[in-house]
Amino acid sequence: YRFVTNARGKLAVNLTGLNPDSDVQLLSSTGSFISGSAQGGVTPENMTLDNLEAGTYYVRVYQFLGDINYSLKLTSTANADNAGDSFAAARAITSLGANEQSFSDYVGGTDQDYYTFTTTGASNFRLSLSGDTPNADVRLLNGMGQIIQSGTGTDSTESISVDNLAAGKYYVWVYPASGTINYTVRMAATPTSQSVDSAAADEATYTLSSTVVTT
């Protein structure tokens with residue numbers, strides 16, 4: 001059997017009516033083995049795969065003993081995507097302050113995640129990103145989509161640290177460097193102890209390396 005999924009998610013495979021016995025395998029689009037179930041006798045065959053990437057797959061049902069009339073059931077459920085794929089659809093973080101807030105999601109292929117927050121005064125911003133392999137990257141952007149700081153290493157953890165971040169609207173952009181990644185991003189914006197007057201704010205500068213084109 002051949003089937004196609006359009007989003008990353010959970011796949012459940014159930015094979016019943018196995019008298020005397022059949023087994024089942026899940027194969028990739030190239031025919032490579034992904035998973036299988038080979039219970040003895042009439043015991044139903046069940047497989048559950050979490051975070052299966054979108055793509056083309058094959059299910060192979062094969063005879064182990066005797067001739068069998070079987071029933072095969074496949075259920076695919078897409079993962080929830082809690083953060084938007086653009087500035088306009090960014091997930092709003094309310095009241096970001098000294099208490100760290102964390103969010104878990106996934107990115108991969110064309111899927112990327114945006115978060116937005118607003119500060120009312122100068123703050124020390126801290127962000128950490130952790131996830132599974134291969135790798136996800138993260139950037140802090142200002143309200144115009146310009147990059148303030150990036151975390152683009154080659155391992156599964158990234159961090160961003162900006163002291164005296166001026167009051168304003170900001171975006172956090174999480175995107176896949178390669179593959180599909182489950183990640184957790186943690187962030188906090190601790191108000192600075194010293195108020196920032198207009199003259200000091202004028203002196204606070206950030207290096208804006210490029211402009212991100214909205215999608």
# chains A, B, ... in the order shown; residues from 1 in each chain; ligands from 1
$ select_by_dssp --residues "segment 50-183 of chain A" --states "strand (DSSP E)" --output "PyMOL selection string"
chain A and resi 50-52+55-65+71-78+91-92+101-108+113-119+123-131+135-142+147-151+157-165+168-178+180-183
$ closest_atom_pairs --of "segment 113-157 of chain A" --to "segment 171-183 of chain A" --cutoff "6 Å" --atoms "only C-alpha atoms" --output "Markdown table"
| residue | atom | partner | partner_atom | distance |
| --- | --- | --- | --- | --- |
| A:Asp113 | CA | A:Val174 | CA | 5.1 |
| A:Tyr114 | CA | A:Trp173 | CA | 4.7 |
| A:Tyr115 | CA | A:Val172 | CA | 5.0 |
| A:Thr116 | CA | A:Tyr171 | CA | 4.3 |
| A:Ser130 | CA | A:Tyr183 | CA | 5.6 |
| A:Gly131 | CA | A:Tyr183 | CA | 4.0 |
| A:Asp132 | CA | A:Ile181 | CA | 5.8 |
| A:Asn135 | CA | A:Ala177 | CA | 5.6 |
| A:Ala136 | CA | A:Pro176 | CA | 4.4 |
| A:Asp137 | CA | A:Tyr175 | CA | 5.5 |
| A:Val138 | CA | A:Val174 | CA | 4.5 |
| A:Arg139 | CA | A:Trp173 | CA | 5.1 |
| A:Leu140 | CA | A:Val172 | CA | 4.8 |
| A:Leu141 | CA | A:Tyr171 | CA | 5.0 |
$ residues_around --residues "Asn164 of chain A" --least-positions-apart "2" --cutoff "7 Å" --atoms "only C-alpha atoms" --output "list of chain:residue names"
A:Ala122, A:Ser123, A:Asn124, A:Val162, A:Ala166, A:Thr192
$ closest_residue --among "A:Thr56, A:Thr120, A:Ser128, A:Ser95" --to "Met187 of chain A" --atoms "only C-alpha atoms"
A:Ser128
$ residues_around --residues "Gly66 of chain A" --least-positions-apart "2" --cutoff "8 Å" --atoms "only C-alpha atoms" --output "ChimeraX atom specification"
/A:19-21,63-64,68
$ write_last_selection --atoms "all heavy atoms" --output "PDB file, in the first residue's frame"
ATOM      1  N   ASN A  19      -5.428 -14.998  10.876  1.00  0.00           N
ATOM      2  CA  ASN A  19      -5.603 -16.419  11.145  1.00  0.00           C
ATOM      3  C   ASN A  19      -5.191 -17.225   9.923  1.00  0.00           C
ATOM      4  O   ASN A  19      -5.900 -17.229   8.906  1.00  0.00           O
ATOM      5  CB  ASN A  19      -7.060 -16.703  11.504  1.00  0.00           C
ATOM      6  CG  ASN A  19      -7.265 -18.101  12.020  1.00  0.00           C
ATOM      7  OD1 ASN A  19      -6.313 -18.846  12.202  1.00  0.00           O
ATOM      8  ND2 ASN A  19      -8.526 -18.474  12.243  1.00  0.00           N
ATOM      9  N   PRO A  20      -3.987 -17.846   9.899  1.00  0.00           N
ATOM     10  CA  PRO A  20      -3.159 -18.041  11.084  1.00  0.00           C
ATOM     11  C   PRO A  20      -2.189 -16.892  11.415  1.00  0.00           C
ATOM     12  O   PRO A  20      -2.069 -16.538  12.577  1.00  0.00           O
ATOM     13  CB  PRO A  20      -2.375 -19.305  10.761  1.00  0.00           C
ATOM     14  CG  PRO A  20      -2.298 -19.317   9.274  1.00  0.00           C
ATOM     15  CD  PRO A  20      -3.555 -18.685   8.768  1.00  0.00           C
ATOM     16  N   ASP A  21      -1.476 -16.259  10.476  1.00  0.00           N
ATOM     17  CA  ASP A  21      -0.486 -15.247  10.877  1.00  0.00           C
ATOM     18  C   ASP A  21       0.007 -14.445   9.678  1.00  0.00           C
ATOM     19  O   ASP A  21       0.373 -15.000   8.639  1.00  0.00           O
ATOM     20  CB  ASP A  21       0.705 -15.919  11.564  1.00  0.00           C
ATOM     21  CG  ASP A  21       1.617 -14.919  12.262  1.00  0.00           C
ATOM     22  OD1 ASP A  21       1.226 -13.744  12.355  1.00  0.00           O
ATOM     23  OD2 ASP A  21       2.693 -15.318  12.723  1.00  0.00           O
ATOM     24  N   GLN A  63       2.715 -12.559   4.267  1.00  0.00           N
ATOM     25  CA  GLN A  63       2.292 -13.822   4.851  1.00  0.00           C
ATOM     26  C   GLN A  63       3.427 -14.446   5.654  1.00  0.00           C
ATOM     27  O   GLN A  63       4.566 -14.536   5.190  1.00  0.00           O
ATOM     28  CB  GLN A  63       1.874 -14.774   3.737  1.00  0.00           C
ATOM     29  CG  GLN A  63       1.424 -16.146   4.174  1.00  0.00           C
ATOM     30  CD  GLN A  63       1.258 -17.053   2.982  1.00  0.00           C
ATOM     31  OE1 GLN A  63       2.186 -17.222   2.185  1.00  0.00           O
ATOM     32  NE2 GLN A  63       0.081 -17.641   2.831  1.00  0.00           N
ATOM     33  N   PHE A  64       3.093 -14.858   6.887  1.00  0.00           N
ATOM     34  CA  PHE A  64       4.052 -15.640   7.674  1.00  0.00           C
ATOM     35  C   PHE A  64       3.676 -17.117   7.668  1.00  0.00           C
ATOM     36  O   PHE A  64       4.538 -17.987   7.573  1.00  0.00           O
ATOM     37  CB  PHE A  64       4.119 -15.124   9.108  1.00  0.00           C
ATOM     38  CG  PHE A  64       5.099 -15.876   9.968  1.00  0.00           C
ATOM     39  CD1 PHE A  64       6.453 -15.608   9.883  1.00  0.00           C
ATOM     40  CD2 PHE A  64       4.665 -16.868  10.844  1.00  0.00           C
ATOM     41  CE1 PHE A  64       7.372 -16.318  10.664  1.00  0.00           C
ATOM     42  CE2 PHE A  64       5.563 -17.585  11.620  1.00  0.00           C
ATOM     43  CZ  PHE A  64       6.928 -17.303  11.530  1.00  0.00           C
ATOM     44  N   ILE A  68      -4.431 -15.729   4.526  1.00  0.00           N
ATOM     45  CA  ILE A  68      -5.095 -14.881   5.510  1.00  0.00           C
ATOM     46  C   ILE A  68      -5.952 -13.824   4.834  1.00  0.00           C
ATOM     47  O   ILE A  68      -5.501 -13.162   3.902  1.00  0.00           O
ATOM     48  CB  ILE A  68      -4.054 -14.170   6.409  1.00  0.00           C
ATOM     49  CG1 ILE A  68      -3.147 -15.195   7.110  1.00  0.00           C
ATOM     50  CG2 ILE A  68      -4.738 -13.288   7.436  1.00  0.00           C
ATOM     51  CD1 ILE A  68      -1.813 -15.332   6.427  1.00  0.00           C
TER      52      ILE A  68
END
$ residues_around --residues "Leu49 of chain A" --least-positions-apart "2" --cutoff "9 Å" --atoms "only C-alpha atoms" --output "list in words"
Gly9, Lys10, Leu11, Ala12, Val13, Ser35, Met47, Asn51 and Leu52 of chain A
$ write_last_selection --atoms "all heavy atoms" --output "tab-separated table (two decimals), in the first residue's frame"
chain	number	residue	atom	x	y	z
A	9	GLY	N	3.63	14.25	11.73
A	9	GLY	CA	2.62	13.85	12.69
A	9	GLY	C	2.79	12.41	13.15
A	9	GLY	O	3.85	11.80	13.00
A	10	LYS	N	1.72	11.89	13.73
A	10	LYS	CA	1.71	10.53	14.28
A	10	LYS	C	1.03	9.58	13.30
A	10	LYS	O	-0.03	9.91	12.74
A	10	LYS	CB	0.98	10.51	15.62
A	10	LYS	CG	0.81	9.11	16.21
A	10	LYS	CD	0.00	9.13	17.49
A	10	LYS	CE	0.80	9.68	18.63
A	10	LYS	NZ	0.10	9.51	19.94
A	11	LEU	N	1.61	8.41	13.12
A	11	LEU	CA	1.03	7.37	12.28
A	11	LEU	C	0.76	6.14	13.14
A	11	LEU	O	1.64	5.66	13.86
A	11	LEU	CB	1.95	6.99	11.13
A	11	LEU	CG	1.48	5.83	10.25
A	11	LEU	CD1	0.25	6.23	9.44
A	11	LEU	CD2	2.59	5.32	9.34
A	12	ALA	N	-0.47	5.64	13.05
A	12	ALA	CA	-0.84	4.40	13.74
A	12	ALA	C	-1.23	3.36	12.69
A	12	ALA	O	-2.02	3.64	11.78
A	12	ALA	CB	-2.00	4.64	14.70
A	13	VAL	N	-0.65	2.16	12.81
A	13	VAL	CA	-0.92	1.05	11.89
A	13	VAL	C	-1.49	-0.10	12.70
A	13	VAL	O	-0.91	-0.51	13.71
A	13	VAL	CB	0.36	0.61	11.16
A	13	VAL	CG1	0.06	-0.56	10.23
A	13	VAL	CG2	0.98	1.77	10.40
A	35	SER	N	10.00	0.62	10.18
A	35	SER	CA	9.51	-0.06	11.38
A	35	SER	C	8.71	-1.29	10.96
A	35	SER	O	8.29	-1.41	9.80
A	35	SER	CB	8.64	0.88	12.21
A	35	SER	OG	8.24	0.28	13.42
A	47	MET	N	1.62	-0.69	15.16
A	47	MET	CA	2.78	0.19	15.15
A	47	MET	C	2.30	1.63	15.37
A	47	MET	O	1.28	2.04	14.80
A	47	MET	CB	3.55	0.14	13.82
A	47	MET	CG	4.22	-1.18	13.51
A	47	MET	SD	5.26	-1.06	12.03
A	47	MET	CE	4.03	-0.77	10.76
A	51	ASN	N	5.98	11.83	15.26
A	51	ASN	CA	6.79	12.80	14.53
A	51	ASN	C	7.32	12.25	13.20
A	51	ASN	O	8.47	12.49	12.83
A	51	ASN	CB	7.96	13.29	15.39
A	51	ASN	CG	7.49	13.99	16.63
A	51	ASN	OD1	6.62	14.85	16.57
A	51	ASN	ND2	8.04	13.62	17.78
A	52	LEU	N	6.47	11.51	12.52
A	52	LEU	CA	6.83	11.02	11.19
A	52	LEU	C	6.79	12.20	10.21
A	52	LEU	O	5.81	12.93	10.13
A	52	LEU	CB	5.85	9.94	10.75
A	52	LEU	CG	6.21	9.16	9.48
A	52	LEU	CD1	7.42	8.27	9.72
A	52	LEU	CD2	5.02	8.32	9.02
$ select_by_dssp --residues "segment 82-207 of chain A" --states "helix (DSSP H, G or I)" --output "list in words"
Ser198, Ala199, Ala200, Ala201, Asp202 and Glu203 of chain A
$ write_last_selection --atoms "N, CA and C atoms" --output "PDB file, in the first residue's frame"
ATOM      1  N   SER A 198      15.919  59.299  27.532  1.00  0.00           N
ATOM      2  CA  SER A 198      15.965  59.402  26.074  1.00  0.00           C
ATOM      3  C   SER A 198      17.384  59.529  25.565  1.00  0.00           C
ATOM      4  N   ALA A 199      18.255  60.223  26.302  1.00  0.00           N
ATOM      5  CA  ALA A 199      19.639  60.388  25.841  1.00  0.00           C
ATOM      6  C   ALA A 199      20.343  59.037  25.841  1.00  0.00           C
ATOM      7  N   ALA A 200      20.135  58.244  26.908  1.00  0.00           N
ATOM      8  CA  ALA A 200      20.768  56.935  26.972  1.00  0.00           C
ATOM      9  C   ALA A 200      20.215  56.014  25.890  1.00  0.00           C
ATOM     10  N   ALA A 201      18.918  56.147  25.651  1.00  0.00           N
ATOM     11  CA  ALA A 201      18.312  55.315  24.607  1.00  0.00           C
ATOM     12  C   ALA A 201      18.905  55.635  23.256  1.00  0.00           C
ATOM     13  N   ASP A 202      19.233  56.912  23.023  1.00  0.00           N
ATOM     14  CA  ASP A 202      19.843  57.277  21.753  1.00  0.00           C
ATOM     15  C   ASP A 202      21.211  56.651  21.592  1.00  0.00           C
ATOM     16  N   GLU A 203      21.877  56.403  22.725  1.00  0.00           N
ATOM     17  CA  GLU A 203      23.215  55.843  22.656  1.00  0.00           C
ATOM     18  C   GLU A 203      23.205  54.330  22.508  1.00  0.00           C
TER      19      GLU A 203
END
$ atom_distance --atom1 "atom CA of Pro134 of chain A" --atom2 "atom CA of Phe87 of chain A"
25.1 Å
$ closest_residue --among "A:Tyr1, A:Glu100, A:Asp81, A:Val107" --to "Leu26 of chain A" --atoms "only C-alpha atoms"
A:Tyr1
$ residues_around --residues "Asn142 of chain A" --least-positions-apart "5" --cutoff "7 Å" --atoms "only C-alpha atoms" --output "MDAnalysis selection string"
chainID A and resid 147:148 169:171
$ write_last_selection --atoms "all heavy atoms" --output "PDB file, in the first residue's frame"
ATOM      1  N   ILE A 147      17.673  41.965  11.800  1.00  0.00           N
ATOM      2  CA  ILE A 147      18.312  41.039  12.727  1.00  0.00           C
ATOM      3  C   ILE A 147      19.103  41.806  13.785  1.00  0.00           C
ATOM      4  O   ILE A 147      19.959  42.631  13.474  1.00  0.00           O
ATOM      5  CB  ILE A 147      19.237  40.071  11.981  1.00  0.00           C
ATOM      6  CG1 ILE A 147      18.443  39.247  10.970  1.00  0.00           C
ATOM      7  CG2 ILE A 147      19.946  39.144  12.978  1.00  0.00           C
ATOM      8  CD1 ILE A 147      19.311  38.442  10.031  1.00  0.00           C
ATOM      9  N   ILE A 148      18.824  41.495  15.047  1.00  0.00           N
ATOM     10  CA  ILE A 148      19.584  42.047  16.165  1.00  0.00           C
ATOM     11  C   ILE A 148      20.692  41.087  16.570  1.00  0.00           C
ATOM     12  O   ILE A 148      21.842  41.490  16.749  1.00  0.00           O
ATOM     13  CB  ILE A 148      18.656  42.339  17.362  1.00  0.00           C
ATOM     14  CG1 ILE A 148      17.658  43.433  16.989  1.00  0.00           C
ATOM     15  CG2 ILE A 148      19.459  42.743  18.599  1.00  0.00           C
ATOM     16  CD1 ILE A 148      16.595  43.670  18.041  1.00  0.00           C
ATOM     17  N   LYS A 169       8.751  46.413  20.102  1.00  0.00           N
ATOM     18  CA  LYS A 169       8.206  45.154  19.632  1.00  0.00           C
ATOM     19  C   LYS A 169       9.310  44.341  18.974  1.00  0.00           C
ATOM     20  O   LYS A 169      10.108  44.873  18.189  1.00  0.00           O
ATOM     21  CB  LYS A 169       7.065  45.384  18.642  1.00  0.00           C
ATOM     22  CG  LYS A 169       6.369  44.104  18.177  1.00  0.00           C
ATOM     23  CD  LYS A 169       5.160  44.421  17.305  1.00  0.00           C
ATOM     24  CE  LYS A 169       4.406  43.155  16.913  1.00  0.00           C
ATOM     25  NZ  LYS A 169       3.194  43.451  16.120  1.00  0.00           N
ATOM     26  N   TYR A 170       9.340  43.041  19.252  1.00  0.00           N
ATOM     27  CA  TYR A 170      10.388  42.171  18.727  1.00  0.00           C
ATOM     28  C   TYR A 170       9.793  40.856  18.261  1.00  0.00           C
ATOM     29  O   TYR A 170       8.689  40.477  18.645  1.00  0.00           O
ATOM     30  CB  TYR A 170      11.454  41.914  19.800  1.00  0.00           C
ATOM     31  CG  TYR A 170      12.178  43.166  20.213  1.00  0.00           C
ATOM     32  CD1 TYR A 170      11.727  43.914  21.296  1.00  0.00           C
ATOM     33  CD2 TYR A 170      13.279  43.615  19.506  1.00  0.00           C
ATOM     34  CE1 TYR A 170      12.374  45.082  21.663  1.00  0.00           C
ATOM     35  CE2 TYR A 170      13.930  44.783  19.872  1.00  0.00           C
ATOM     36  CZ  TYR A 170      13.478  45.514  20.954  1.00  0.00           C
ATOM     37  OH  TYR A 170      14.110  46.675  21.303  1.00  0.00           O
ATOM     38  N   TYR A 171      10.577  40.165  17.437  1.00  0.00           N
ATOM     39  CA  TYR A 171      10.205  38.846  16.952  1.00  0.00           C
ATOM     40  C   TYR A 171      11.341  37.865  17.224  1.00  0.00           C
ATOM     41  O   TYR A 171      12.524  38.222  17.153  1.00  0.00           O
ATOM     42  CB  TYR A 171       9.938  38.860  15.441  1.00  0.00           C
ATOM     43  CG  TYR A 171       8.734  39.661  15.027  1.00  0.00           C
ATOM     44  CD1 TYR A 171       8.865  41.001  14.690  1.00  0.00           C
ATOM     45  CD2 TYR A 171       7.475  39.080  14.963  1.00  0.00           C
ATOM     46  CE1 TYR A 171       7.757  41.758  14.305  1.00  0.00           C
ATOM     47  CE2 TYR A 171       6.370  39.813  14.580  1.00  0.00           C
ATOM     48  CZ  TYR A 171       6.515  41.151  14.256  1.00  0.00           C
ATOM     49  OH  TYR A 171       5.419  41.882  13.883  1.00  0.00           O
TER      50      TYR A 171
END
$ closest_residue --among "A:Leu165, A:Thr157, A:Gln112, A:Val59" --to "Ala90 of chain A" --atoms "only C-alpha atoms"
A:Gln112
$ closest_residue --among "A:Val4, A:Val24, A:Leu96, A:Leu18" --to "Ala38 of chain A" --atoms "only C-alpha atoms"
A:Val24
$ residues_around --residues "Phe33 of chain A" --least-positions-apart "4" --cutoff "12 Å" --atoms "only C-alpha atoms" --output "PDB file with C-alpha atoms, in the first residue's frame"
ATOM      1  CA  VAL A  24       3.482  -5.754   8.619  1.00  0.00           C
ATOM      2  CA  GLN A  25       6.242  -3.269   7.802  1.00  0.00           C
ATOM      3  CA  LEU A  26       6.465   0.463   7.146  1.00  0.00           C
ATOM      4  CA  LEU A  27       8.843   1.441   4.346  1.00  0.00           C
ATOM      5  CA  SER A  28      10.188   4.762   3.086  1.00  0.00           C
ATOM      6  CA  SER A  29       9.577   6.153  -0.401  1.00  0.00           C
ATOM      7  CA  SER A  37       5.552  -5.614  13.768  1.00  0.00           C
ATOM      8  CA  TYR A  57       5.465   5.809   2.461  1.00  0.00           C
ATOM      9  CA  TYR A  58       4.613   2.180   1.833  1.00  0.00           C
ATOM     10  CA  VAL A  59       2.978  -0.413   4.081  1.00  0.00           C
ATOM     11  CA  ARG A  60       3.908  -4.024   3.344  1.00  0.00           C
TER      12      ARG A  60
END
$ atom_distance --atom1 "atom CA of Thr48 of chain A" --atom2 "atom CA of Phe3 of chain A"
15.8 Å
